[in-house]
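Comments concern the structure below.
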Amino acid sequence: MIIKNREKLLSHGNKWGREVTLDVIEYAIKAVDAYEATTNRICIRNNMLVAGGLNYDLSEIEDVYVIGAGKATFPIAQALDEILGERITRGIIIVKRGEQRRLRHIKVVEAGHPIPDEMGLEGTLEIVDIAREAKQGDLVFCAITGGASALMPLPAGNISLEDKKKVTDLLLRCGATVDEINAVRKHISAVKGGRLAKYIHPARIVNLIVIDEIAGRPWGPTVPDTTTFEDAVNVLKKYGLWGKVPDSVREYLRRGLVDPSLETPKPSDFEGLRVRDVVLADNGTMCEAAKKRAEELGLKSLILS
């Protein structure tokens, strides 16, 4: 049972209406449960690894790695740990402090959120180490969920972790949108905005992604970026933060404006990379599940948006 105070909610008012409502809500939430979604999409059949609509012959894969970060990454990693078991050569995920649960074949690091910390930095360095270790015949599962931007910090250039903390704090307080905040974070990071995929190449990458934004799309450190250094600078200036961020941040962003080699990888840069996305859950999945369950209960249903 997902809703813990079900009986209390049913103790008054229109009991039938409340029962139906809670039933639909629980069904919809379960449809986007990260563990359930992973076990539904990842399996091994006749020595073939099936991931969504992808198929990999395990006899042709040398090493399997699992990396990732996010507040809901643990259940994805838990499912992979159970499905792949000893086939996992090495793995590490970074989760929000307080998780406490551990896995048999994947290391779990607890780190700070929403402000990054040293544990997140150490975990990210280990992720990069795995990325560089991966080779042509390997497969890397990358499990990314909300919160990964804070939990996977690796500042670019001469930017320190303390400088990144300050920028993050300023952005969170200024009223900027998530997309605006991420435009800045991706351009002061050595792994975000698709850069991690470059480290992993030439190994194959399967991104296991949970999208929790209303009209979100695949995102993360192994997905191409559509924002630019100019976007990042404009965000800081828009909210009056350009003069408040550390000198190291301004200097790196200025360099990025004139040096194309510092720009984050774009879709065209991914054409030679072997990256595939498997969206485990999104808001569309939840809405469709709610509609399905409501219709099963005899209600006329319509998804408005």
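Chain labels follow the order of the structure tokens: the first chain is A, the next B, and so on; residue numbering restarts at 1 in every chain, and ligands are counted from 1 in their shown order.
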Taking 6 positions as the minimum chain separation for residues in the same chain, which residues sit within 6 Å of segment 120-131 of chain A when counting only C-alpha atoms? Answer as an MDAnalysis selection string.
chainID A and resid 111 151:154 199:200
Could you give me, as an MDAnalysis selection string, the residues within 7 Å of Ile76 of chain A, counting only C-alpha atoms and dropping anything in the same chain fewer than 4 positions from it?
chainID A and resid 34:35 38 80 143
Which residues in segment 14-257 of chain A does DSSP call strand (DSSP E)? List them as number ranges by chain.
A: 42-45, 48-51, 54-57, 64-69, 88-96, 107-111, 139-144, 204-210
Find the spatial neighbours of Gln136 of chain A, counting only C-alpha atoms, within a cut-off of 10 Å - ignore same-chain residues fewer than 2 positions away - and output them as a list in words.
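Non-adjacent residues within range: Ile61, Glu62, Asp63, Ala134, Asp138, Leu139, Ile200, His201, Pro202, Ala203 and Arg204 of chain A.
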Those selected residues, please, written with all heavy atoms and delivered as an mmCIF file, in the first residue's frame.
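The resulting out_8.cif:
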data_model
loop_
_atom_site.group_PDB
_atom_site.id
_atom_site.type_symbol
_atom_site.label_atom_id
_atom_site.label_comp_id
_atom_site.auth_asym_id
_atom_site.auth_seq_id
_atom_site.Cartn_x
_atom_site.Cartn_y
_atom_site.Cartn_z
ATOM 1 N N ILE A 61 29.351 -9.273 -24.794
ATOM 2 C CA ILE A 61 29.650 -8.183 -23.866
ATOM 3 C C ILE A 61 30.727 -8.634 -22.884
ATOM 4 O O ILE A 61 30.598 -9.675 -22.238
ATOM 5 C CB ILE A 61 28.386 -7.754 -23.098
ATOM 6 C CG1 ILE A 61 27.362 -7.169 -24.080
ATOM 7 C CG2 ILE A 61 28.730 -6.728 -22.021
ATOM 8 C CD1 ILE A 61 26.044 -6.833 -23.436
ATOM 9 N N GLU A 62 31.789 -7.870 -22.777
ATOM 10 C CA GLU A 62 32.886 -8.232 -21.868
ATOM 11 C C GLU A 62 32.558 -7.858 -20.429
ATOM 12 O O GLU A 62 32.499 -8.710 -19.551
ATOM 13 C CB GLU A 62 34.181 -7.555 -22.345
ATOM 14 C CG GLU A 62 34.678 -8.087 -23.690
ATOM 15 C CD GLU A 62 35.984 -7.454 -24.099
ATOM 16 O OE1 GLU A 62 36.848 -7.253 -23.216
ATOM 17 O OE2 GLU A 62 36.149 -7.149 -25.296
ATOM 18 N N ASP A 63 32.354 -6.581 -20.174
ATOM 19 C CA ASP A 63 32.069 -6.122 -18.813
ATOM 20 C C ASP A 63 30.796 -5.284 -18.792
ATOM 21 O O ASP A 63 30.506 -4.547 -19.747
ATOM 22 C CB ASP A 63 33.230 -5.279 -18.269
ATOM 23 C CG ASP A 63 34.477 -6.111 -18.031
ATOM 24 O OD1 ASP A 63 34.385 -7.115 -17.306
ATOM 25 O OD2 ASP A 63 35.537 -5.759 -18.582
ATOM 26 N N ALA A 134 35.779 1.707 -18.948
ATOM 27 C CA ALA A 134 34.935 1.007 -19.923
ATOM 28 C C ALA A 134 35.571 1.044 -21.314
ATOM 29 O O ALA A 134 36.122 2.055 -21.737
ATOM 30 C CB ALA A 134 33.554 1.655 -19.960
ATOM 31 N N ASP A 138 32.237 -3.286 -23.848
ATOM 32 C CA ASP A 138 31.514 -3.190 -22.573
ATOM 33 C C ASP A 138 30.160 -2.500 -22.728
ATOM 34 O O ASP A 138 29.890 -1.817 -23.720
ATOM 35 C CB ASP A 138 32.356 -2.426 -21.552
ATOM 36 C CG ASP A 138 33.675 -3.125 -21.246
ATOM 37 O OD1 ASP A 138 33.778 -4.335 -21.529
ATOM 38 O OD2 ASP A 138 34.604 -2.460 -20.751
ATOM 39 N N LEU A 139 29.339 -2.676 -21.694
ATOM 40 C CA LEU A 139 28.020 -2.041 -21.645
ATOM 41 C C LEU A 139 27.896 -1.297 -20.320
ATOM 42 O O LEU A 139 28.175 -1.859 -19.257
ATOM 43 C CB LEU A 139 26.912 -3.099 -21.755
ATOM 44 C CG LEU A 139 25.469 -2.593 -21.677
ATOM 45 C CD1 LEU A 139 25.144 -1.704 -22.870
ATOM 46 C CD2 LEU A 139 24.493 -3.772 -21.625
ATOM 47 N N ILE A 200 32.879 7.724 -21.395
ATOM 48 C CA ILE A 200 32.522 6.309 -21.531
ATOM 49 C C ILE A 200 32.849 5.753 -22.917
ATOM 50 O O ILE A 200 33.196 4.574 -23.058
ATOM 51 C CB ILE A 200 31.018 6.116 -21.234
ATOM 52 C CG1 ILE A 200 30.715 6.499 -19.778
ATOM 53 C CG2 ILE A 200 30.579 4.672 -21.496
ATOM 54 C CD1 ILE A 200 29.238 6.515 -19.441
ATOM 55 N N HIS A 201 32.724 6.577 -23.948
ATOM 56 C CA HIS A 201 33.029 6.125 -25.310
ATOM 57 C C HIS A 201 34.401 5.443 -25.357
ATOM 58 O O HIS A 201 35.339 5.912 -24.733
ATOM 59 C CB HIS A 201 33.015 7.339 -26.252
ATOM 60 C CG HIS A 201 33.276 7.003 -27.679
ATOM 61 N ND1 HIS A 201 32.347 6.373 -28.469
ATOM 62 C CD2 HIS A 201 34.383 7.201 -28.460
ATOM 63 C CE1 HIS A 201 32.856 6.198 -29.676
ATOM 64 N NE2 HIS A 201 34.081 6.697 -29.687
ATOM 65 N N PRO A 202 34.541 4.280 -26.053
ATOM 66 C CA PRO A 202 33.650 3.688 -27.060
ATOM 67 C C PRO A 202 32.697 2.603 -26.535
ATOM 68 O O PRO A 202 32.109 1.876 -27.328
ATOM 69 C CB PRO A 202 34.637 3.081 -28.045
ATOM 70 C CG PRO A 202 35.746 2.584 -27.156
ATOM 71 C CD PRO A 202 35.864 3.613 -26.051
ATOM 72 N N ALA A 203 32.550 2.464 -25.224
ATOM 73 C CA ALA A 203 31.614 1.453 -24.695
ATOM 74 C C ALA A 203 30.175 1.854 -25.031
ATOM 75 O O ALA A 203 29.883 3.019 -25.306
ATOM 76 C CB ALA A 203 31.783 1.328 -23.183
ATOM 77 N N ARG A 204 29.291 0.872 -25.006
ATOM 78 C CA ARG A 204 27.875 1.143 -25.242
ATOM 79 C C ARG A 204 27.226 1.666 -23.963
ATOM 80 O O ARG A 204 27.550 1.206 -22.870
ATOM 81 C CB ARG A 204 27.165 -0.134 -25.714
ATOM 82 C CG ARG A 204 27.475 -0.513 -27.154
ATOM 83 C CD ARG A 204 27.124 -1.940 -27.455
ATOM 84 N NE ARG A 204 28.086 -2.862 -26.854
ATOM 85 C CZ ARG A 204 28.156 -4.151 -27.133
ATOM 86 N NH1 ARG A 204 27.315 -4.685 -27.987
ATOM 87 N NH2 ARG A 204 29.064 -4.918 -26.552
#
Write out as a ChimeraX atom specification the residues lying within 9 Å of Gly220 of chain A, counting only C-alpha atoms and excluding same-chain residues fewer than 6 positions away.
/A:144-145,148-149,192-194,196,207,209
Find the residues around Thr177 of chain A up to 12 Å (only C-alpha atoms counted), leave out those fewer than 3 positions away in its own chain, and share them as number ranges by chain.
A: 171-174, 180-184, 213, 235-236, 238-239
Would you mind exporting the chosen residues as an mmCIF file, in the first residue's frame, restricted to N, CA and C atoms?
data_model
loop_
_atom_site.group_PDB
_atom_site.id
_atom_site.type_symbol
_atom_site.label_atom_id
_atom_site.label_comp_id
_atom_site.auth_asym_id
_atom_site.auth_seq_id
_atom_site.Cartn_x
_atom_site.Cartn_y
_atom_site.Cartn_z
ATOM 1 N N LEU A 171 21.562 30.303 -7.219
ATOM 2 C CA LEU A 171 20.568 29.932 -8.225
ATOM 3 C C LEU A 171 19.272 29.453 -7.593
ATOM 4 N N LEU A 172 19.395 28.671 -6.533
ATOM 5 C CA LEU A 172 18.199 28.138 -5.882
ATOM 6 C C LEU A 172 17.378 29.232 -5.205
ATOM 7 N N ARG A 173 18.026 30.336 -4.842
ATOM 8 C CA ARG A 173 17.342 31.414 -4.126
ATOM 9 C C ARG A 173 16.807 32.511 -5.045
ATOM 10 N N CYS A 174 17.243 32.538 -6.299
ATOM 11 C CA CYS A 174 16.954 33.697 -7.159
ATOM 12 C C CYS A 174 15.615 33.626 -7.882
ATOM 13 N N GLU A 180 16.715 26.889 -16.375
ATOM 14 C CA GLU A 180 17.719 27.956 -16.288
ATOM 15 C C GLU A 180 18.851 27.571 -15.344
ATOM 16 N N ILE A 181 18.478 26.992 -14.205
ATOM 17 C CA ILE A 181 19.496 26.556 -13.240
ATOM 18 C C ILE A 181 20.411 25.514 -13.875
ATOM 19 N N ASN A 182 19.807 24.564 -14.586
ATOM 20 C CA ASN A 182 20.603 23.501 -15.197
ATOM 21 C C ASN A 182 21.493 24.012 -16.323
ATOM 22 N N ALA A 183 21.058 25.060 -17.026
ATOM 23 C CA ALA A 183 21.894 25.631 -18.085
ATOM 24 C C ALA A 183 23.218 26.118 -17.502
ATOM 25 N N VAL A 184 23.141 26.697 -16.305
ATOM 26 C CA VAL A 184 24.365 27.159 -15.637
ATOM 27 C C VAL A 184 25.166 25.974 -15.110
ATOM 28 N N GLU A 213 9.575 15.972 -14.854
ATOM 29 C CA GLU A 213 9.074 17.278 -15.265
ATOM 30 C C GLU A 213 7.799 17.088 -16.089
ATOM 31 N N VAL A 235 21.477 33.693 -18.031
ATOM 32 C CA VAL A 235 20.703 33.369 -16.831
ATOM 33 C C VAL A 235 21.260 34.133 -15.632
ATOM 34 N N LEU A 236 22.578 34.100 -15.476
ATOM 35 C CA LEU A 236 23.195 34.784 -14.337
ATOM 36 C C LEU A 236 22.947 36.289 -14.399
ATOM 37 N N LYS A 238 20.410 37.784 -16.017
ATOM 38 C CA LYS A 238 18.968 38.003 -15.888
ATOM 39 C C LYS A 238 18.552 38.146 -14.426
ATOM 40 N N TYR A 239 19.168 37.324 -13.551
ATOM 41 C CA TYR A 239 18.787 37.324 -12.140
ATOM 42 C C TYR A 239 19.759 38.122 -11.266
#
Please, which residues of segment 42-277 of chain A, numbered as in this document, come out alpha helix (DSSP H) from DSSP, as number ranges by chain?
A: 73-84, 118-133, 148-151, 161-174, 178-186, 195-200, 229-238, 247-258
Using only C-alpha atoms, which residue out of A:Asn5, A:Thr21, A:Asn14, A:Ser59 lies closest to Ala290 of chain A?
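With only C-alpha atoms as the atom set, the closest residue is A:Thr21.
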Name the closest residue to Ile115 of chain A among the candidates A:Asp23, A:Ala28, A:Gln78, A:Gly147; distances are taken between atoms, counting only C-alpha atoms.
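Distance minimum relative to Ile115 of chain A lands on A:Gly147.
In this comparison, which uses only C-alpha atoms, the residue of A:Met119, A:Leu257, A:Val245, A:Ile83 approaching Asn40 of chain A most closely is A:Ile83.
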Using only C-alpha atoms, which residues sit within 12 Å of segment 296-305 of chain A once same-chain residues fewer than 6 positions away are excluded, as a PyMOL selection string?
chain A and resi 16-17+19-24+27+214-215+283-290
Would you list the contacts of Pro155 of chain A as a list in words, taking every protein, DNA or RNA residue within 8 Å and counting only C-alpha atoms, but skipping same-chain residues closer than 6 positions in sequence?
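Returned residues: Leu161, Lys164, Ile188, Ser189 and Ala190 of chain A.
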So which one's closest to Arg274 of chain A, A:Val140, A:Ile159, A:Lys107, A:Pro75? Using only C-alpha atoms, please.
A:Val140
Work out how far apart atom CA of Glu230 of chain A and atom CA of Pro114 of chain A are and give it in Å to one decimal.
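Those two atoms sit 24.5 Å apart.
The coordinates place atom CA of Glu263 of chain A at 14.4 Å from atom CA of Glu251 of chain A.
Among the candidates A:Thr168, A:Ile92, A:Ile205, A:Leu262, the residue lying nearest to Gly68 of chain A is A:Ile92 (atoms considered: only C-alpha atoms).
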Separation of atom CA of Arg217 of chain A from atom CA of Lys266 of chain A, in Å and rounded to one decimal:
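The value is 14.9 Å.
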